[in-house]
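> This is the structure I have questions about; it appears just below.
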Amino acid sequence: MKFILNGSLREYNGDPERSLLTYLREEEGIISPKDGCAPQAACGCCAVQLNDKVVLSCVIAMKKVADGEVTTIEGLGSYLQDTYANAFVSEGGVQCGFCIPGIVMQSHVLISKNSDPSRTEIEKALTPHLCRCTGYKKIVTAVLTTAEAIRNEEEIPTPESDGLIGSRLPKYQARNLVLGQHEYVDDIKIEGMKYGALKFSDHPRAKVLSVDVSAAEKLEGVIKVFTAGDVIGERTIGLIKQDWPLMIAEGETTRYVGDVLAGVVANTEAAARQAVDLISIEYDVLEPLVDVFQAMKEDSPRIHPGGNILSTTVTSRGNIDETLNQSAFVSRSSYQTQMIEHGYMEPECSIAYPDGEGIEVLSQGQGIYDDREQIAKLLNLPEDLVRVRLVPNGGGFGGKEDLTVQGHAALMAKILGVPVKVKLTRDESIIMHPKRHPIWMDYAVGCDENGKLTGVQVSFVGDTGAYASVGMKVLERSAGHATGAYQFPVTDVVSTAVYTNNIPCGAMRGFGVNQAIFGLESCIDDLCEQGGFDRWQFRYENALVDGDMTATGQVIEGGAGARETLLAVKDAFYAAKYAGLACGIKNTGIGNGMPDAASAQITIASEDKVFIDHGWTEMGQGVNTIATQVVCNETGINPKLIEVRIDTAANQEAGMTTASRATSLVGNALIDACQELKEDLKEADLSDLVGRVYKGAWVVDWTTKPGAMVEKIYTHYSYSYASQLVTLDENGTVKKITAAHDAGKIFNPTLFEGQLEGSLHMGLGYATSEELVLVNGKPKSTRLRQCGILRAKEMPELEIIGVEVPDPYGPYGAKGVGEIGLVPTAAAVANALYQYDGIRRTKLPLELPKRQRVRSTSATT
């Protein structure tokens, strides 16, 4: 058969059922169509033009292409490529970039048919597409900008900036992201590379009696089948607690359906996957332990030798029983939140290859130094023989902190002595990687007759699933933020993380604080109704100010911005008919007695090339852009001269990219590195400094552990603050979200707005539609479409208000932005719905009202 591809004639005589996506990527080397969920056709990342329509190439068989014309971004021509790239970069319509090439192709076909589309028409056209980063608003604006330029036959200039702090420096290397030319791990090919696939458990809890690989080994193209006995070093790893085996051995018991029992390496991915299907496992199937409260009972089966309680965090001050008994008003209720899939557009993938006596790994993970440590253990190698290079990924949100396929790829490559790629399908990703914790909360919150908060008592129980991941830290964070953005004289907080046979739960944007704020802020509204207090004024009077104390007993010494965020939404709150209000607080940095440390270095490679080396993961949030801006701001170096590298070979350790700490740590480390460079630039120019290396570091080693007997408590070095207002229309539908966030210092308004718009998208989905439902330990569905992630046409109006109350420790006063963005959202939606129909909702996702107006209330009740 014949067809046209990007203007050139092609002849195809292969398998007629082969997908167009596979053909384009594997035979043509065209990488702009991305594989986000093949063959689910749910994400839109693989969209291309076929004749005059957009199709999802992962489900288009080659036989349907016969006599047709296929166009990808590579075939659009330089004018259209420049126009789309400059529009998306200028408007901030790209973050991780994985979804954008498909959206560009959808937009191209739309504009070719409708040269002047409206926002509504664009949002409707984007229905086949998911974006987890942006909240869609800046994408739609970028399409409008593109359409205007094409309509008027104009060029959009390449966006530029001096790179100073506060400028809208274009996102680092964003043009390649827009045009699909950034190479994610799955886009990379290495000569002689082989392909790995994994065999997962069929049952969440079962004793593995035998693993029969004989049929798999005989399949043509199979190189080797790996089992637990092939692990060279320590088989059990983990970020904090070493409890997660790389593979389950015969005679051991599985703990969840994402446990790996074997792996296959073959000449092709198809052969590896076919061989995996031939592996026969004999089980003694056991009843899974999936109820968190049942798991806490003494007579329940032990998922791990030490028992089913992973951790317990306790913080308290004062006599809570006496305080609540003497309070004029007390709100008591139980709240429950759900398990959530991260839904990043790029599934997990890693490539490993031999490097002398060691191994080199291409990782999309959120902590290349943590990857290195765990891979070294698996391979019984010293860490200096394990090199991990970051490949900026297609979204993370916490879900790529734990090691997934990097360890398997490294083991396979080390034993075979050849490059090996291991990637997950979307279905495999959903069953394997950790999720957001479901948490059960029992809250009691009191206030006096004047509306001053008196005390809070709360119990958190979180389902951490089969393995620890960072579950103990998530529940620790729930406890540490149990009082929200408010001052409470008396507290009593207990937070417990519990093992079950469910999918593990670990880090996800908000990290246990979203759950706590949902319960607390619902109680705050209930207290206002009981006492007849004004909901805005009540929050303002009780909001933390400098000198007040958090749940852990830490005194806020500076930078408390909660009241300023409330002032920013005050007028909109009183103008709204159905208004839901919630405040949030979120730590910056890990803290709790664990050191936050980072180093960075600047290398003058030539008069027109300056390298920045750091250890942070770029996953769409813009850490490389922030690093560039700090150096530009300190030295005046042109941002066009700067290249950023993240590679363990540079030994610029940073730990995990989590807790909204990258800006503060890399910023302060680079400011330190720039001090000597600035002095040198006073006497010389870059050409005189070629070969010079400038090193910097910033360390916070003075935070205190929970419960430590210390004179002064420092749980975290910094906090961010926010107030969010959700307004509903007459049908009870979310009409607008107004988000006022204290960032301390806004480095880059485009990145700031984009991070928050994406957070609000995630937060609104968390509140109203998202849930990964498990049935007896297994996902009811592994289809991305069933996860409830909102599409562009489902998003309300978003207004972002930047507030700057400088932090004492942040670079230029900056605070974290990425995680707090959705901390108050679910609570604000719940409170808005109560104003609409008088139903206090205590479980996420929230049950939405019938499309009718039930009652009207004022803003004061």
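By convention here, the chains of the structure tokens are called A, B, ... in the order presented, each chain's residues are numbered starting at 1, and ligands are numbered starting at 1 in the order presented.
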Check which residues of stretch 424-483 of chain A sit at most 8 Å from stretch 272-293 of chain A using only C-alpha atoms, and return one row each with the closest pair of atoms and their distance in Å to one decimal, ordered by chain and rising number, as a Markdown table.

```
| residue | atom | partner | partner_atom | distance |
| --- | --- | --- | --- | --- |
| A:Val461 | CA | A:Val292 | CA | 7.9 |
| A:Gly462 | CA | A:Val292 | CA | 7.6 |
| A:Asp463 | CA | A:Val292 | CA | 5.8 |
```
> Just write the chosen residues, C-alpha atoms, as a short mmCIF file (atom, residue, chain, number, x, y, z; two decimals), in the first residue's frame.

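Everything below was put into again-v2.cif:
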```cif
data_model
loop_
_atom_site.label_atom_id
_atom_site.label_comp_id
_atom_site.auth_asym_id
_atom_site.auth_seq_id
_atom_site.Cartn_x
_atom_site.Cartn_y
_atom_site.Cartn_z
CA VAL A 461 -5.49 6.91 59.49
CA GLY A 462 -3.88 6.52 56.09
CA ASP A 463 -3.78 3.48 53.82
#
```
> Counting only C-alpha atoms, give me one row per residue of stretch 488-599 of chain A with an atom at most 8 Å from an atom of stretch 649-663 of chain A, showing the shortest contact pair and its distance in Å to one decimal, sorted by chain then residue number, as CSV.

```
residue,atom,partner,partner_atom,distance
A:Phe511,CA,A:Ala659,CA,7.8
A:Asn587,CA,A:Ala659,CA,7.0
A:Thr588,CA,A:Arg661,CA,5.4
A:Gly589,CA,A:Arg661,CA,4.8
A:Ile590,CA,A:Ala659,CA,6.1
A:Ala597,CA,A:Ala654,CA,6.2
A:Ala598,CA,A:Ala654,CA,4.4
A:Ser599,CA,A:Gln652,CA,5.1
```
> Out of stretch 260-310 of chain A, which residues get alpha helix (DSSP H) from DSSP, as a list in words?
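Filtering stretch 260-310 of chain A to alpha helix (DSSP H) leaves Glu269, Ala270, Ala271, Ala272, Arg273, Gln274, Ala275, Val276, Asp277, Leu278, Val292, Phe293, Gln294 and Ala295 of chain A.
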> Please provide the set of residues having any atom within 12 Å of stretch 803-806 of chain A, restricted to only C-alpha atoms, with same-chain residues fewer than 3 positions apart removed, written as a ChimeraX atom specification.
/A:166,545-546,557-569,718-723,739-747,749,752-753,800,809-817
> Please produce, as CSV, a per-residue contact table for stretch 314-360 of chain A versus stretch 190-194 of chain A (criterion: any atom at most 10 Å away, only C-alpha atoms considered), showing the nearest atom pair and its distance in Å to one decimal, sorted by chain then residue number.

```
residue,atom,partner,partner_atom,distance
A:Ile351,CA,A:Met193,CA,8.8
A:Ala352,CA,A:Met193,CA,9.3
A:Tyr353,CA,A:Met193,CA,8.5
```
> For A:Glu449, find every residue with an atom within 8 Å (counting only C-alpha atoms), except residues of its own chain fewer than 6 positions away, and show them as a JSON list (two decimals) with N, CA and C atoms, in the first residue's frame.

```json
[["chain", "number", "residue", "atom", "x", "y", "z"],
["A", 327, "SER", "N", -15.41, 24.95, 75.32],
["A", 327, "SER", "CA", -15.59, 25.76, 74.11],
["A", 327, "SER", "C", -17.07, 26.06, 73.90],
["A", 328, "ALA", "N", -17.35, 27.25, 73.39],
["A", 328, "ALA", "CA", -18.74, 27.63, 73.14],
["A", 328, "ALA", "C", -19.34, 26.83, 71.99],
["A", 329, "PHE", "N", -18.52, 26.52, 71.01],
["A", 329, "PHE", "CA", -18.99, 25.76, 69.84],
["A", 329, "PHE", "C", -17.93, 24.74, 69.47],
["A", 531, "GLY", "N", -22.07, 29.44, 65.25],
["A", 531, "GLY", "CA", -21.96, 30.66, 66.03],
["A", 531, "GLY", "C", -22.42, 31.93, 65.33]]
```
> Distance atom CA of A:Ala551-atom CA of A:Ile517, one decimal place?
12.6 Å
> One decimal, Å: what's the distance from atom CA of A:Gln49 over to atom CA of A:Tyr23, could you say?
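Between atom CA of A:Gln49 and atom CA of A:Tyr23 the gap is 14.6 Å.
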> At a cut-off of 6 Å, using only C-alpha atoms, what residues contact stretch 436-443 of chain A? Leave out same-chain residues fewer than 5 positions from it and give the result as a VMD selection string.
chain A and resid 332 to 340 457 to 463 505 508
> Taking the chain letters and numbering used in this document, name the residues of stretch 430-538 of chain A that DSSP puts in strand (DSSP E), as a ChimeraX atom specification.
/A:439-447,453-465,490-499
> When you look at A:Gln755 with a cut-off of 10 Å (counting only C-alpha atoms), what residues show up, excluding the ones that are within fewer than 6 positions of it in the same chain? I need them as an mmCIF file with all heavy atoms, in the first residue's frame.

```cif
data_model
loop_
_atom_site.group_PDB
_atom_site.id
_atom_site.type_symbol
_atom_site.label_atom_id
_atom_site.label_comp_id
_atom_site.auth_asym_id
_atom_site.auth_seq_id
_atom_site.Cartn_x
_atom_site.Cartn_y
_atom_site.Cartn_z
ATOM 1 N N GLN A 95 4.434 23.017 29.830
ATOM 2 C CA GLN A 95 5.192 22.745 31.056
ATOM 3 C C GLN A 95 6.055 21.510 30.837
ATOM 4 O O GLN A 95 7.159 21.621 30.324
ATOM 5 C CB GLN A 95 4.254 22.628 32.262
ATOM 6 C CG GLN A 95 3.645 23.970 32.654
ATOM 7 C CD GLN A 95 2.883 23.944 33.958
ATOM 8 O OE1 GLN A 95 3.174 23.178 34.876
ATOM 9 N NE2 GLN A 95 1.871 24.797 34.064
ATOM 10 N N CYS A 133 -0.498 19.181 33.612
ATOM 11 C CA CYS A 133 0.365 20.246 34.142
ATOM 12 C C CYS A 133 -0.286 21.626 34.169
ATOM 13 O O CYS A 133 -0.102 22.374 35.122
ATOM 14 C CB CYS A 133 1.638 20.351 33.312
ATOM 15 S SG CYS A 133 2.745 18.946 33.378
ATOM 16 N N THR A 134 -0.990 22.006 33.113
ATOM 17 C CA THR A 134 -1.265 23.425 32.870
ATOM 18 C C THR A 134 -2.635 23.916 33.292
ATOM 19 O O THR A 134 -2.832 25.123 33.433
ATOM 20 C CB THR A 134 -1.132 23.740 31.367
ATOM 21 O OG1 THR A 134 -2.194 23.072 30.658
ATOM 22 C CG2 THR A 134 0.208 23.294 30.819
ATOM 23 N N GLY A 135 -3.612 23.023 33.447
ATOM 24 C CA GLY A 135 -4.981 23.485 33.663
ATOM 25 C C GLY A 135 -5.636 23.989 32.394
ATOM 26 O O GLY A 135 -6.734 24.532 32.441
ATOM 27 N N GLY A 620 8.578 19.736 34.305
ATOM 28 C CA GLY A 620 7.558 20.664 33.854
ATOM 29 C C GLY A 620 7.418 21.886 34.719
ATOM 30 O O GLY A 620 6.905 22.914 34.275
ATOM 31 N N GLN A 621 7.866 21.790 35.975
ATOM 32 C CA GLN A 621 7.669 22.893 36.913
ATOM 33 C C GLN A 621 8.580 24.068 36.641
ATOM 34 O O GLN A 621 8.328 25.181 37.084
ATOM 35 C CB GLN A 621 7.831 22.382 38.353
ATOM 36 C CG GLN A 621 9.258 22.319 38.901
ATOM 37 C CD GLN A 621 10.062 21.133 38.435
ATOM 38 O OE1 GLN A 621 9.945 20.682 37.308
ATOM 39 N NE2 GLN A 621 10.917 20.616 39.315
ATOM 40 N N GLY A 622 9.698 23.832 35.916
ATOM 41 C CA GLY A 622 10.557 24.933 35.522
ATOM 42 C C GLY A 622 11.787 25.141 36.369
ATOM 43 O O GLY A 622 12.332 26.247 36.400
ATOM 44 N N PRO A 749 6.505 35.208 36.648
ATOM 45 C CA PRO A 749 5.041 35.213 36.688
ATOM 46 C C PRO A 749 4.398 34.142 35.806
ATOM 47 O O PRO A 749 3.364 33.578 36.180
ATOM 48 C CB PRO A 749 4.687 36.627 36.196
ATOM 49 C CG PRO A 749 5.876 37.449 36.528
ATOM 50 C CD PRO A 749 7.055 36.544 36.339
ATOM 51 N N VAL A 817 5.757 26.843 45.693
ATOM 52 C CA VAL A 817 4.499 27.108 44.976
ATOM 53 C C VAL A 817 3.823 25.820 44.504
ATOM 54 O O VAL A 817 2.604 25.693 44.553
ATOM 55 C CB VAL A 817 4.756 28.033 43.761
ATOM 56 C CG1 VAL A 817 3.507 28.173 42.900
ATOM 57 C CG2 VAL A 817 5.226 29.408 44.218
ATOM 58 N N GLY A 818 4.612 24.850 44.067
ATOM 59 C CA GLY A 818 4.059 23.704 43.349
ATOM 60 C C GLY A 818 3.071 22.872 44.124
ATOM 61 O O GLY A 818 2.082 22.403 43.559
ATOM 62 N N GLU A 819 3.315 22.661 45.420
ATOM 63 C CA GLU A 819 2.449 21.747 46.171
ATOM 64 C C GLU A 819 1.238 22.419 46.799
ATOM 65 O O GLU A 819 0.154 21.838 46.839
ATOM 66 C CB GLU A 819 3.268 21.054 47.256
ATOM 67 C CG GLU A 819 4.264 20.060 46.695
ATOM 68 C CD GLU A 819 4.542 18.929 47.658
ATOM 69 O OE1 GLU A 819 3.683 18.060 47.818
ATOM 70 O OE2 GLU A 819 5.632 18.930 48.252
ATOM 71 N N ILE A 820 1.382 23.636 47.281
ATOM 72 C CA ILE A 820 0.267 24.265 47.981
ATOM 73 C C ILE A 820 -0.877 24.618 47.033
ATOM 74 O O ILE A 820 -1.991 24.878 47.464
ATOM 75 C CB ILE A 820 0.730 25.522 48.740
ATOM 76 C CG1 ILE A 820 -0.345 25.967 49.750
ATOM 77 C CG2 ILE A 820 1.117 26.633 47.774
ATOM 78 C CD1 ILE A 820 0.069 27.106 50.645
ATOM 79 N N GLY A 821 -0.608 24.565 45.724
ATOM 80 C CA GLY A 821 -1.609 25.005 44.757
ATOM 81 C C GLY A 821 -2.960 24.345 44.868
ATOM 82 O O GLY A 821 -3.981 24.949 44.543
#
```
> By how many Å are atom CA of A:Ile320 and atom CA of A:Gly451 apart?
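Rounded to one decimal, the two atoms are 17.6 Å apart.
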> Can you tell me which residues surround A:Gln629 at a distance of at most 6 Å, considering only C-alpha atoms, apart from same-chain residues fewer than 3 positions away, and format the answer as a list in words?
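My reading of the contact set: Gly163, Leu164, Ile165, Ile626, Cys632 and Asn633 of chain A.
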> Can I get the residues of stretch 164-234 of chain A within 10 Å of stretch 359-374 of chain A, each with the closest pair of atoms and their distance in Å to one decimal, using only C-alpha atoms, sorted chain first then ascending number, as JSON lines?

```
{"residue": "A:Tyr184", "atom": "CA", "partner": "A:Gln364", "partner_atom": "CA", "distance": 8.0}
{"residue": "A:Val185", "atom": "CA", "partner": "A:Leu362", "partner_atom": "CA", "distance": 6.9}
{"residue": "A:Asp186", "atom": "CA", "partner": "A:Gln364", "partner_atom": "CA", "distance": 10.0}
{"residue": "A:Ile188", "atom": "CA", "partner": "A:Leu362", "partner_atom": "CA", "distance": 9.5}
{"residue": "A:Glu234", "atom": "CA", "partner": "A:Gln374", "partner_atom": "CA", "distance": 9.1}
```
> For a quick check of understanding, using only C-alpha atoms, which of A:Ile602, A:Val330, A:Val693, A:Met549 has the smallest distance to A:Glu529?
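That would be A:Val330, the residue with the smallest distance to A:Glu529.
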> Would you tabulate, counting only C-alpha atoms, all residues of stretch 10-37 of chain A that have an atom at most 10 Å from an atom of stretch 61-74 of chain A, showing the closest pair of atoms and their distance in Å to one decimal, sorted by chain then ascending number, as a tab-separated table?

```
residue	atom	partner	partner_atom	distance
A:Arg10	CA	A:Asp67	CA	9.8
A:Glu11	CA	A:Ala66	CA	9.3
A:Tyr12	CA	A:Met62	CA	8.4
A:Asn13	CA	A:Met62	CA	9.7
A:Gly14	CA	A:Met62	CA	8.5
A:Asp15	CA	A:Met62	CA	7.6
A:Pro16	CA	A:Lys63	CA	4.8
A:Glu17	CA	A:Ala61	CA	4.9
A:Arg18	CA	A:Ala61	CA	5.4
A:Ser19	CA	A:Ala61	CA	4.5
A:Leu20	CA	A:Met62	CA	5.4
A:Leu21	CA	A:Ala61	CA	8.9
A:Thr22	CA	A:Met62	CA	9.6
A:Tyr23	CA	A:Met62	CA	8.0
A:Leu24	CA	A:Thr72	CA	9.3
A:Ile30	CA	A:Glu74	CA	7.6
A:Ile31	CA	A:Glu74	CA	9.0
A:Ser32	CA	A:Ile73	CA	6.6
A:Pro33	CA	A:Thr72	CA	7.5
```
